[in-house]
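Undergrad: My structure file coords17.txt, compact mmCIF, C-alpha atoms, is below:
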```
# COMPACT_ATOMS: atom_id res chain seq x y z
CA MET A 1 0.00 0.00 0.00
CA LYS A 2 2.81 2.35 0.92
CA VAL A 3 4.64 1.56 -2.32
CA LEU A 4 1.49 2.21 -4.32
CA GLY A 5 1.05 5.56 -2.60
CA ALA A 6 4.66 6.51 -3.25
CA ILE A 7 4.31 5.60 -6.94
CA ILE A 8 1.15 7.70 -7.28
CA VAL A 9 2.76 10.66 -5.54
CA LEU A 10 5.90 10.41 -7.66
CA LEU A 11 3.92 10.08 -10.91
CA PHE A 12 1.67 12.98 -10.06
CA GLY A 13 4.57 15.11 -8.89
CA SER A 14 6.60 14.53 -12.01
CA LEU A 15 3.51 15.28 -14.11
CA LEU A 16 3.06 18.59 -12.31
CA ILE A 17 6.75 19.44 -12.66
CA TYR A 18 6.52 18.56 -16.36
CA CYS A 19 3.59 20.95 -16.69
CA THR A 20 5.57 23.83 -15.19
CA LEU A 21 7.81 23.67 -18.28
CA ASP A 22 4.90 25.13 -20.24
CA PHE A 23 4.72 28.17 -17.98
CA PRO A 24 6.11 31.46 -19.19
CA SER A 25 9.40 32.16 -17.48
CA TRP A 26 9.25 34.08 -14.24
CA GLY A 27 8.77 37.83 -14.67
CA ASP A 28 8.43 37.49 -18.44
CA PRO A 29 7.01 40.81 -19.70
CA ALA A 30 5.50 39.10 -22.73
CA SER A 31 3.52 36.53 -20.75
CA PRO A 32 -0.30 36.71 -20.98
CA ALA A 33 -0.58 37.71 -17.33
CA SER A 34 1.59 40.79 -17.79
CA THR A 35 0.17 41.80 -21.15
CA HIS A 36 -3.56 41.42 -20.49
CA VAL A 37 -4.42 40.90 -16.84
CA SER A 38 -2.14 43.13 -14.80
CA PRO A 39 -2.49 46.26 -16.97
CA TYR A 40 -6.25 45.99 -16.73
CA TYR A 41 -6.14 45.91 -12.94
CA ILE A 42 -3.60 48.70 -12.74
CA GLU A 43 -5.54 50.98 -15.07
CA ASN A 44 -9.12 50.28 -14.04
CA THR A 45 -9.16 49.34 -10.36
CA LEU A 46 -9.66 52.83 -9.02
CA GLU A 47 -12.41 53.67 -11.52
CA ASP A 48 -14.16 50.34 -11.05
CA THR A 49 -14.09 49.96 -7.31
CA ALA A 50 -12.88 53.21 -5.72
CA VAL A 51 -10.27 51.16 -3.84
CA PRO A 52 -6.71 52.51 -4.05
CA ASN A 53 -5.14 49.23 -2.95
CA ILE A 54 -5.16 47.06 -6.06
CA VAL A 55 -4.35 43.88 -4.15
CA THR A 56 -7.44 44.19 -2.01
CA ALA A 57 -9.61 44.95 -5.02
CA VAL A 58 -8.29 41.93 -6.93
CA LEU A 59 -8.59 39.67 -3.90
CA ALA A 60 -12.06 40.57 -2.77
CA ASP A 61 -13.75 41.86 -5.89
CA TYR A 62 -12.33 40.70 -9.21
CA ARG A 63 -11.47 37.30 -7.81
CA GLY A 64 -13.96 37.27 -4.97
CA TYR A 65 -15.15 33.77 -5.75
CA ASP A 66 -11.61 32.47 -5.30
CA THR A 67 -11.22 34.25 -1.98
CA MET A 68 -14.54 32.91 -0.75
CA PHE A 69 -13.28 29.40 -1.13
CA GLU A 70 -9.98 30.34 0.45
CA THR A 71 -12.01 31.30 3.48
CA VAL A 72 -13.84 28.00 3.23
CA VAL A 73 -10.48 26.20 3.13
CA ILE A 74 -9.43 27.92 6.36
CA PHE A 75 -12.79 27.11 7.90
CA SER A 76 -12.50 23.46 6.95
CA ALA A 77 -8.97 23.38 8.38
CA GLY A 78 -10.41 24.50 11.70
CA ILE A 79 -13.24 21.99 11.50
CA ALA A 80 -10.85 19.19 10.55
CA CYS A 81 -8.66 19.98 13.53
CA PHE A 82 -11.76 19.97 15.71
CA PHE A 83 -12.88 16.56 14.50
CA LEU A 84 -9.41 15.05 14.69
CA LEU A 85 -8.45 16.28 18.12
CA ARG A 86 -11.51 17.12 20.15
CA SER A 87 -12.33 14.55 22.79
CA PHE A 88 -15.44 15.08 24.84
CA LYS A 89 -14.56 12.70 27.64
CA ARG A 90 -14.03 15.07 30.50
CA ILE A 91 -11.87 13.63 33.21
CA GLU A 92 -12.02 15.88 36.22
CA PRO A 93 -8.83 15.56 38.25
CA ASP A 94 -9.33 14.44 41.84
CA THR A 95 -7.41 17.31 43.28
CA ARG A 96 -7.61 20.92 42.34
CA LEU A 97 -5.10 23.68 42.82
CA TYR A 98 -6.13 27.17 43.80
CA ARG A 99 -3.95 30.20 44.22
CA HIS A 100 -4.68 32.94 46.69
CA VAL A 101 -3.53 35.83 44.56
CA PRO A 102 -2.66 38.51 47.18
CA THR A 103 -0.39 36.20 49.16
CA GLY A 104 0.72 33.87 46.38
CA ILE A 105 -0.10 30.80 48.46
CA THR A 106 -1.22 27.72 46.54
CA PHE A 107 -3.96 25.53 47.99
CA ARG A 108 -4.26 21.89 47.11
CA ILE A 109 -7.78 20.66 47.65
CA GLU A 110 -8.42 16.94 47.62
CA LYS A 111 -11.56 15.32 46.35
CA GLY A 112 -14.52 15.99 48.65
CA GLY A 113 -13.08 19.24 49.93
CA ARG A 114 -14.86 22.51 49.53
CA TYR A 115 -13.65 24.41 46.51
CA PRO A 116 -13.41 28.17 46.92
CA ARG A 117 -15.43 30.33 44.57
CA GLU A 118 -13.30 31.76 41.83
CA SER A 119 -12.84 35.47 42.31
CA VAL A 120 -10.19 38.13 42.03
CA ASP A 121 -8.52 36.68 45.11
CA PHE A 122 -8.82 33.00 44.30
CA GLU A 123 -7.94 31.60 40.93
CA ARG A 124 -7.96 28.00 39.89
CA ILE A 125 -4.72 26.83 38.33
CA ASP A 126 -3.72 23.89 36.24
CA LEU A 127 -2.07 20.82 37.68
CA GLN A 128 0.65 20.61 35.06
CA TRP A 129 1.22 24.22 34.28
CA VAL A 130 1.43 26.55 37.23
CA PRO A 131 3.23 29.75 36.38
CA HIS A 132 2.36 32.90 38.19
CA ASP A 133 4.10 35.72 36.48
CA LEU A 134 2.95 39.20 37.25
CA ILE A 135 5.21 40.79 34.63
CA ILE A 136 3.96 38.73 31.72
CA LYS A 137 0.34 38.92 32.79
CA THR A 138 0.40 42.68 33.24
CA THR A 139 2.22 43.34 30.00
CA CYS A 140 -0.10 41.11 28.02
CA ARG A 141 -3.16 42.66 29.62
CA MET A 142 -1.83 46.07 28.69
CA ILE A 143 -0.84 45.19 25.15
CA ILE A 144 -3.87 43.14 24.08
CA PRO A 145 -6.29 46.08 23.57
CA PHE A 146 -3.75 47.76 21.32
CA ILE A 147 -3.26 44.58 19.33
CA GLN A 148 -7.01 44.30 18.84
CA ILE A 149 -7.39 47.94 17.83
CA PHE A 150 -4.57 47.45 15.35
CA ALA A 151 -6.23 44.32 13.98
CA LEU A 152 -9.49 46.18 13.43
CA TYR A 153 -7.51 48.94 11.76
CA VAL A 154 -5.85 46.44 9.46
CA ILE A 155 -9.24 44.99 8.50
CA ALA A 156 -10.95 48.33 8.00
CA HIS A 157 -8.01 50.01 6.33
CA GLY A 158 -7.32 47.24 3.84
CA HIS A 159 -8.74 49.43 1.11
CA HIS A 160 -5.95 51.96 1.44
CA SER A 161 -2.93 50.18 2.85
CA PRO A 162 -1.56 46.65 3.02
CA GLY A 163 -3.88 44.49 5.04
CA GLY A 164 -7.34 43.08 4.89
CA GLY A 165 -9.42 40.35 6.38
CA PHE A 166 -6.85 37.59 6.50
CA GLN A 167 -4.11 39.64 8.13
CA GLY A 168 -6.43 41.42 10.53
CA GLY A 169 -8.11 38.16 11.46
CA VAL A 170 -4.78 36.55 12.25
CA ILE A 171 -3.79 39.49 14.44
CA LEU A 172 -7.14 39.36 16.26
CA GLY A 173 -6.73 35.63 16.80
CA ALA A 174 -3.19 36.18 18.05
CA SER A 175 -4.43 38.65 20.63
CA VAL A 176 -6.72 36.01 22.12
CA ILE A 177 -3.97 33.39 21.93
CA ILE A 178 -1.56 35.68 23.75
CA PHE A 179 -4.19 36.06 26.46
CA ALA A 180 -4.45 32.28 26.71
CA VAL A 181 -0.67 31.94 26.87
CA SER A 182 -0.20 34.58 29.52
CA HIS A 183 -3.05 33.35 31.73
CA ASN A 184 -4.27 29.86 30.95
CA LEU A 185 -6.64 28.10 28.65
CA ARG A 186 -9.49 28.10 31.12
CA SER A 187 -9.59 31.84 31.59
CA SER A 188 -9.46 32.23 27.83
CA THR A 189 -12.37 29.85 27.24
CA ASN A 190 -14.27 31.79 29.89
CA ARG A 191 -13.94 34.90 27.75
CA ILE A 192 -14.54 33.30 24.36
CA SER A 193 -16.07 29.88 24.70
CA GLU A 194 -15.48 27.14 22.19
CA LYS A 195 -19.07 27.35 21.06
CA ASN A 196 -18.79 31.04 20.30
CA VAL A 197 -15.56 30.48 18.41
CA VAL A 198 -17.13 27.89 16.14
CA LEU A 199 -20.20 30.08 15.71
CA LEU A 200 -18.01 33.04 14.76
CA SER A 201 -16.08 31.09 12.16
CA THR A 202 -19.30 29.87 10.58
CA THR A 203 -20.78 33.36 10.68
CA GLY A 204 -17.72 34.75 8.93
CA VAL A 205 -17.93 32.33 6.04
CA LEU A 206 -21.69 32.78 5.83
CA LEU A 207 -21.32 36.58 5.82
CA TYR A 208 -19.10 36.27 2.78
CA ALA A 209 -21.46 33.94 1.00
CA ALA A 210 -24.49 36.00 2.04
CA THR A 211 -22.97 39.15 0.52
CA GLY A 212 -22.67 37.25 -2.72
CA GLY A 213 -26.18 35.86 -2.37
CA LEU A 214 -27.54 39.35 -1.70
CA CYS A 215 -26.04 40.54 -4.97
CA LEU A 216 -27.70 37.58 -6.63
CA LEU A 217 -31.07 38.50 -5.09
CA LEU A 218 -30.71 42.09 -6.22
CA GLY A 219 -30.51 40.93 -9.78
CA SER A 220 -26.86 40.76 -10.74
CA ASN A 221 -24.09 38.18 -10.63
CA PHE A 222 -22.84 36.39 -7.54
CA LEU A 223 -20.43 38.70 -5.65
CA ASP A 224 -21.02 41.57 -8.07
CA TYR A 225 -21.13 44.22 -5.38
CA SER A 226 -22.34 47.01 -7.65
CA ALA A 227 -25.83 45.64 -7.06
CA LEU A 228 -25.51 46.67 -3.40
CA SER A 229 -25.87 50.31 -4.46
CA GLN A 230 -29.64 49.89 -4.10
CA ILE A 231 -29.23 49.04 -0.42
CA PHE A 232 -26.52 51.49 0.56
CA GLY A 233 -27.94 54.30 -1.54
CA VAL A 234 -24.65 55.17 -3.19
CA ASP A 235 -23.33 54.89 -6.71
CA SER A 236 -22.24 51.51 -7.95
CA VAL A 237 -18.52 52.20 -7.67
CA THR A 238 -18.71 53.09 -3.96
CA ALA A 239 -21.03 50.14 -3.47
CA ARG A 240 -18.28 47.85 -4.70
CA SER A 241 -15.92 49.34 -2.16
CA PHE A 242 -18.51 48.77 0.59
CA GLY A 243 -19.05 45.23 -0.60
CA ILE A 244 -15.31 44.56 -0.33
CA LEU A 245 -15.40 45.84 3.25
CA LEU A 246 -18.30 43.53 4.14
CA VAL A 247 -16.49 40.57 2.69
CA GLU A 248 -13.28 41.48 4.48
CA ILE A 249 -15.13 41.59 7.79
CA GLY A 250 -16.46 38.10 7.09
CA VAL A 251 -12.98 36.84 6.26
CA GLY A 252 -11.59 38.47 9.40
CA MET A 253 -14.17 36.82 11.63
CA ALA A 254 -13.62 33.41 10.09
CA VAL A 255 -9.83 33.59 10.25
CA MET A 256 -9.81 34.86 13.84
CA ALA A 257 -12.19 32.16 15.03
CA VAL A 258 -10.29 29.40 13.24
CA MET A 259 -6.99 30.56 14.72
CA ILE A 260 -8.44 30.50 18.22
CA SER A 261 -10.13 27.15 17.67
CA LEU A 262 -6.89 25.63 16.37
CA TYR A 263 -5.05 26.94 19.40
CA TYR A 264 -7.65 25.69 21.87
CA ASN A 265 -7.56 22.21 20.40
CA LEU A 266 -3.81 21.94 19.92
CA ALA A 267 -2.78 23.41 23.28
CA SER A 268 -4.91 21.04 25.33
CA ALA A 269 -4.73 17.99 23.03
CA GLY A 270 -8.44 18.35 22.34
CA LYS A 271 -9.61 18.24 25.95
CA GLN A 272 -9.94 22.00 26.36
CA ASP A 273 -9.85 21.83 30.12
CA GLU A 274 -6.25 22.47 31.06
CA GLY A 275 -3.43 23.73 29.00
CA LEU A 276 -1.37 26.76 28.28
CA MET B 1 18.96 67.87 13.08
CA ASP B 2 20.97 65.68 10.72
CA VAL B 3 23.76 65.41 13.25
CA VAL B 4 21.35 64.20 15.92
CA VAL B 5 19.87 61.66 13.52
CA ILE B 6 23.30 60.32 12.59
CA ILE B 7 24.47 60.13 16.19
CA LEU B 8 21.32 58.27 17.23
CA LEU B 9 21.56 55.90 14.29
CA ILE B 10 25.21 55.07 14.85
CA SER B 11 24.80 54.54 18.59
CA GLY B 12 21.81 52.32 17.86
CA LEU B 13 23.84 50.26 15.42
CA LEU B 14 26.59 50.04 18.03
CA PHE B 15 24.08 48.50 20.43
CA PHE B 16 22.92 46.07 17.74
CA THR B 17 26.49 45.03 17.00
CA GLY B 18 27.21 44.52 20.67
CA GLY B 19 24.05 42.46 20.99
CA SER B 20 24.94 40.24 18.05
CA ILE B 21 28.47 39.67 19.32
CA GLY B 22 27.07 38.92 22.76
CA ILE B 23 24.63 36.33 21.44
CA LEU B 24 27.48 34.61 19.63
CA ARG B 25 30.12 34.82 22.33
CA PHE B 26 28.35 34.28 25.64
CA PRO B 27 28.57 30.76 27.03
CA ASP B 28 25.02 29.67 27.84
CA PHE B 29 21.30 30.20 27.37
CA TYR B 30 20.74 32.78 30.09
CA THR B 31 23.76 34.94 29.35
CA ARG B 32 22.96 34.87 25.65
CA LEU B 33 19.45 36.11 26.27
CA HIS B 34 20.86 38.96 28.29
CA PRO B 35 22.31 40.85 25.28
CA ALA B 36 19.43 39.67 23.11
CA GLY B 37 16.93 41.28 25.42
CA LYS B 38 18.71 44.43 26.50
CA LEU B 39 20.85 45.54 23.60
CA ASP B 40 18.35 44.79 20.87
CA THR B 41 15.75 46.85 22.67
CA ALA B 42 18.17 49.73 23.18
CA GLY B 43 19.35 49.54 19.57
CA LEU B 44 15.82 49.47 18.22
CA VAL B 45 14.72 52.38 20.39
CA LEU B 46 17.67 54.49 19.24
CA THR B 47 17.48 53.67 15.53
CA MET B 48 13.71 54.06 15.44
CA SER B 49 13.89 57.42 17.21
CA SER B 50 16.41 58.58 14.63
CA MET B 51 14.00 57.47 11.87
CA ALA B 52 11.19 59.40 13.53
CA LEU B 53 13.39 62.48 13.67
CA TYR B 54 14.40 61.99 10.06
CA THR B 55 10.82 61.85 8.79
CA LEU B 56 10.18 65.17 10.54
CA HIS B 57 12.58 66.89 8.15
CA GLU B 58 9.71 68.23 6.10
CA PHE B 59 7.29 69.24 8.77
CA SER B 60 3.72 68.40 7.78
CA VAL B 61 0.74 66.51 9.19
CA ALA B 62 1.63 63.40 7.17
CA SER B 63 5.23 63.27 8.39
CA LEU B 64 4.05 63.96 11.93
CA LEU B 65 1.71 60.99 11.63
CA THR B 66 4.52 58.77 10.35
CA ALA B 67 6.79 59.88 13.18
CA PHE B 68 4.02 59.19 15.67
CA LYS B 69 3.57 55.68 14.29
CA ILE B 70 7.31 55.02 14.59
CA ILE B 71 7.25 56.28 18.16
CA LEU B 72 4.37 53.89 18.83
CA ILE B 73 6.48 51.00 17.54
CA VAL B 74 9.26 52.11 19.88
CA VAL B 75 6.90 52.22 22.86
CA PHE B 76 5.45 48.78 22.18
CA VAL B 77 8.81 47.15 21.55
CA PHE B 78 10.11 48.81 24.71
CA PHE B 79 7.41 47.00 26.67
CA THR B 80 7.17 43.70 24.87
CA SER B 81 10.78 42.82 24.06
CA PRO B 82 12.01 42.64 27.68
CA THR B 83 8.82 40.82 28.63
CA ALA B 84 9.42 38.24 25.92
CA THR B 85 12.99 37.74 27.11
CA HIS B 86 11.73 37.42 30.66
CA ALA B 87 9.20 34.79 29.57
CA ILE B 88 11.82 32.78 27.69
CA ILE B 89 14.22 32.83 30.63
CA ASP B 90 11.38 31.94 32.97
CA ALA B 91 10.58 28.95 30.77
CA GLY B 92 14.23 27.93 30.91
CA VAL B 93 14.25 28.07 34.71
CA ARG B 94 11.01 26.11 34.94
CA ALA B 95 12.31 23.48 32.55
CA GLY B 96 15.26 23.01 34.90
CA LEU B 97 18.09 24.32 32.78
CA GLY B 98 21.10 24.98 34.95
CA HIS B 99 23.27 28.01 34.55
CA TRP B 100 26.84 28.15 33.41
CA THR B 101 29.60 28.23 35.99
CA LYS B 102 33.14 29.41 35.53
CA GLY B 103 35.53 26.87 34.06
CA GLU B 104 32.73 24.87 32.47
CA LYS B 105 33.03 24.28 28.73
```
Just dump the structure as structure tokens.
TA:
Amino acid sequence: MKVLGAIIVLLFGSLLIYCTLDFPSWGDPASPASTHVSPYYIENTLEDTAVPNIVTAVLADYRGYDTMFETVVIFSAGIACFFLLRSFKRIEPDTRLYRHVPTGITFRIEKGGRYPRESVDFERIDLQWVPHDLIIKTTCRMIIPFIQIFALYVIAHGHHSPGGGFQGGVILGASVIIFAVSHNLRSSTNRISEKNVVLLSTTGVLLYAATGGLCLLLGSNFLDYSALSQIFGVDSVTARSFGILLVEIGVGMAVMAVMISLYYNLASAGKQDEGL
Amino acid sequence: MDVVVIILLISGLLFFTGGSIGILRFPDFYTRLHPAGKLDTAGLVLTMSSMALYTLHEFSVASLLTAFKIILIVVFVFFTSPTATHAIIDAGVRAGLGHWTKGEK
């Protein structure tokens, strides 16, 4: 079986490599892409979509269908990780550790003992991973709002500068992951539960598809945002720019949620009870 | 103005050079992270401040905004870089890595 797989992979690989011989050489000014496609984008993007950043316009408008399925790929990566790793058997450890924050004393409470209510003074800590680092916690708490503001800026400002849904979504996801790293997984799942994360990722993908479907309902092609001018009450060029923003928000939500979901599952080996 | 920019830039590069040499020459994990944490932060703060000063050559709202963004980078790196070094060293201590003593290879 292994040999058969290797043969198939080798055959397919050599076929693909053989096909690359037919490509125009890299950076060839006479290739079809540089003679027909790129000049069109460079000359017409601003008039068509009112978006100064050509990359964003190409990604979310001209090739919006492509990007939609890129988002779906990311979504399915998150779902695949969920199905592969997530285990729902919850084994509660017999003993629990609590830290009294003002004094730094750790309590070990055996089974049957009375657990203290979690508050500012008492926090439950993991059995395997028990760091208490004021410096890291404080710095992360201070830096996370700025990271999130920057992520929103990257998403919203993708029309004018490098950025967009994918980048902003990754930064947003990273801000939650850094919270989970600096505290622990449990306090992170208390803020954004697993259910919400999965819901968010689905909503993101659906927002993208729904924008396309809305265009379809308004009587033009799928993901042809100029149809949205009837809703927004602006001319069709500005409507395309708004449509790109909508789609970018969807992408950002999906990417953020998938990043967080991947982290939750990987850090705790699918148990999502204790971990970094 | 130019003189200040050049002085800042060169002193920043000096810190970077010292940091790189330190990372290569120091004997163990902890001592290597010492130049990596301190000198890189100092070098970045100095070079970035010189960039911020340099963009203010033509004084306008746009250049002011650029300088402000560079200063923001400086502020955030000033907080996060030492914290990251602290976290790495903390992880080393928790993992039980011993420190280097004199005479050890």
Undergrad: Find the residues of chain B in contact range of chain A, meaning any atom within 12 Å when counting all atoms listed in the file, and list them as a list of chain:residue names.
TA: B:Lys69, B:Leu72, B:Ile73, B:Val75, B:Phe76, B:Val77, B:Phe78, B:Phe79, B:Thr80, B:Ser81, B:Pro82, B:Thr83, B:Ala84, B:Thr85, B:His86, B:Ala87, B:Ile88, B:Ile89, B:Asp90, B:Ala91, B:Val93, B:Arg94, B:Ala95
Undergrad: Those same residues - C-alpha atoms - I'd like them written as a PDB file, in the coordinates of the input.
TA:
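Contents of selection37.pdb, as written:
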```
ATOM      1  CA  LYS B  69       3.570  55.680  14.290  1.00  0.00           C
ATOM      2  CA  LEU B  72       4.370  53.890  18.830  1.00  0.00           C
ATOM      3  CA  ILE B  73       6.480  51.000  17.540  1.00  0.00           C
ATOM      4  CA  VAL B  75       6.900  52.220  22.860  1.00  0.00           C
ATOM      5  CA  PHE B  76       5.450  48.780  22.180  1.00  0.00           C
ATOM      6  CA  VAL B  77       8.810  47.150  21.550  1.00  0.00           C
ATOM      7  CA  PHE B  78      10.110  48.810  24.710  1.00  0.00           C
ATOM      8  CA  PHE B  79       7.410  47.000  26.670  1.00  0.00           C
ATOM      9  CA  THR B  80       7.170  43.700  24.870  1.00  0.00           C
ATOM     10  CA  SER B  81      10.780  42.820  24.060  1.00  0.00           C
ATOM     11  CA  PRO B  82      12.010  42.640  27.680  1.00  0.00           C
ATOM     12  CA  THR B  83       8.820  40.820  28.630  1.00  0.00           C
ATOM     13  CA  ALA B  84       9.420  38.240  25.920  1.00  0.00           C
ATOM     14  CA  THR B  85      12.990  37.740  27.110  1.00  0.00           C
ATOM     15  CA  HIS B  86      11.730  37.420  30.660  1.00  0.00           C
ATOM     16  CA  ALA B  87       9.200  34.790  29.570  1.00  0.00           C
ATOM     17  CA  ILE B  88      11.820  32.780  27.690  1.00  0.00           C
ATOM     18  CA  ILE B  89      14.220  32.830  30.630  1.00  0.00           C
ATOM     19  CA  ASP B  90      11.380  31.940  32.970  1.00  0.00           C
ATOM     20  CA  ALA B  91      10.580  28.950  30.770  1.00  0.00           C
ATOM     21  CA  VAL B  93      14.250  28.070  34.710  1.00  0.00           C
ATOM     22  CA  ARG B  94      11.010  26.110  34.940  1.00  0.00           C
ATOM     23  CA  ALA B  95      12.310  23.480  32.550  1.00  0.00           C
TER      24      ALA B  95
END
```
Undergrad: Which residue is closest to Phe68 of chain B? Choose from B:Met48, B:Leu8, B:Trp100, B:Pro27 and count all atoms listed in the file.
TA: B:Met48
Undergrad: So what do you get for atom CA of Ala210 of chain A versus atom CA of Thr71 of chain A, distance-wise?
TA: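 We find that atom CA of Ala210 of chain A and atom CA of Thr71 of chain A lie 13.4 Å from each other.
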Undergrad: Smallest atom-to-atom distance to Gln272 of chain A: which of A:Leu218, A:Val120, A:Ile149, A:Ile260, using all atoms listed in the file?
TA: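 Smallest distance to Gln272 of chain A is found for A:Ile260.
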Undergrad: What's the 12 Å shell around Phe150 of chain A, counting only C-alpha atoms, without same-chain residues fewer than 2 positions away, as a ChimeraX atom specification?
TA: /A:143-148,152-158,163-164,167-172,174-175 /B:69,72-73
Undergrad: Could you tell me how far atom CA of Leu21 of chain A sits from atom CA of Val9 of chain A, in Å to one decimal place?
TA: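 Taking atom CA of Val9 of chain A and atom CA of Leu21 of chain A, their separation equals 18.9 Å.
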Undergrad: Report, in Å with one decimal, the straight-line distance from atom CA of Gly250 of chain A to atom CA of Gly212 of chain A.
TA: 11.6 Å
Undergrad: Pick the closest to Asp48 of chain A from A:Pro29, A:Gly233, A:Ala6, A:Asp61: which is it, counting only C-alpha atoms?
TA: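 Closest to Asp48 of chain A of all the choices is A:Asp61.
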Undergrad: Within 10 Å of segment 11-13 of chain B, counting only C-alpha atoms, which residues show up once you throw out same-chain ones fewer than 5 positions away? Write them as an MDAnalysis selection string, please.
TA: chainID B and resid 6 18:19 39:50
Undergrad: What does the file look like for those residues with C-alpha atoms, as a PDB file, keeping the file's coordinate frame?
TA:
```
ATOM      1  CA  ILE B   6      23.300  60.320  12.590  1.00  0.00           C
ATOM      2  CA  GLY B  18      27.210  44.520  20.670  1.00  0.00           C
ATOM      3  CA  GLY B  19      24.050  42.460  20.990  1.00  0.00           C
ATOM      4  CA  LEU B  39      20.850  45.540  23.600  1.00  0.00           C
ATOM      5  CA  ASP B  40      18.350  44.790  20.870  1.00  0.00           C
ATOM      6  CA  THR B  41      15.750  46.850  22.670  1.00  0.00           C
ATOM      7  CA  ALA B  42      18.170  49.730  23.180  1.00  0.00           C
ATOM      8  CA  GLY B  43      19.350  49.540  19.570  1.00  0.00           C
ATOM      9  CA  LEU B  44      15.820  49.470  18.220  1.00  0.00           C
ATOM     10  CA  VAL B  45      14.720  52.380  20.390  1.00  0.00           C
ATOM     11  CA  LEU B  46      17.670  54.490  19.240  1.00  0.00           C
ATOM     12  CA  THR B  47      17.480  53.670  15.530  1.00  0.00           C
ATOM     13  CA  MET B  48      13.710  54.060  15.440  1.00  0.00           C
ATOM     14  CA  SER B  49      13.890  57.420  17.210  1.00  0.00           C
ATOM     15  CA  SER B  50      16.410  58.580  14.630  1.00  0.00           C
TER      16      SER B  50
END
```
Undergrad: Can you tell me, as a list in words, what residues are no more than 9 Å from His34 of chain B when counting all atoms listed in the file, ignoring any on the same chain fewer than 2 positions away?
TA: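 Counting only the stated atoms, we get Gly19, Gly22, Ile23, Phe29, Tyr30, Thr31, Arg32, Ala36, Gly37, Lys38, Leu39 and Thr85 of chain B.
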Undergrad: Of the candidates A:Ala257, A:Val234, A:Ala209, A:Ile178, which one gets nearest to Phe69 of chain A if we count all atoms listed in the file?
TA: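 Result for the nearest residue to Phe69 of chain A: A:Ala209.
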Undergrad: Using only C-alpha atoms, what does the table of segment 180-276 of chain A residues within 7 Å of segment 83-87 of chain A look like, with each row giving the shortest atom pair and its distance in Å to one decimal, sorted by chain and ascending number, as CSV?
TA:
```
residue,atom,partner,partner_atom,distance
A:Asn265,CA,A:Leu85,CA,6.4
A:Ala269,CA,A:Leu85,CA,6.4
A:Gly270,CA,A:Arg86,CA,4.0
A:Lys271,CA,A:Ser87,CA,5.6
```
Undergrad: Could you write out as AutoDock Vina command-line options the box around segment 19-27 of chain B (axis-aligned, all atoms listed in the file, 4 Å on each side), with centre and edge lengths in Å to one decimal?
TA:
```
--center_x 27.1 --center_y 36.6 --center_z 22.5 --size_x 14.1 --size_y 19.7 --size_z 17.0
```
Undergrad: I want to know what sits within 10 Å of Val205 of chain A, based on only C-alpha atoms, with residues of the same chain fewer than 5 positions away left out; could you give that as a PyMOL selection string?
TA: chain A and resi 68-72+74-75+200+210+247+249-255
Undergrad: Keeping only C-alpha atoms, write those residues as a compact mmCIF listing (two decimals), in the coordinates of the input.
TA:
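Written output follows (result15.txt):
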```
# COMPACT_ATOMS: atom_id res chain seq x y z
CA MET A 68 -14.54 32.91 -0.75
CA PHE A 69 -13.28 29.40 -1.13
CA GLU A 70 -9.98 30.34 0.45
CA THR A 71 -12.01 31.30 3.48
CA VAL A 72 -13.84 28.00 3.23
CA ILE A 74 -9.43 27.92 6.36
CA PHE A 75 -12.79 27.11 7.90
CA LEU A 200 -18.01 33.04 14.76
CA ALA A 210 -24.49 36.00 2.04
CA VAL A 247 -16.49 40.57 2.69
CA ILE A 249 -15.13 41.59 7.79
CA GLY A 250 -16.46 38.10 7.09
CA VAL A 251 -12.98 36.84 6.26
CA GLY A 252 -11.59 38.47 9.40
CA MET A 253 -14.17 36.82 11.63
CA ALA A 254 -13.62 33.41 10.09
CA VAL A 255 -9.83 33.59 10.25
```
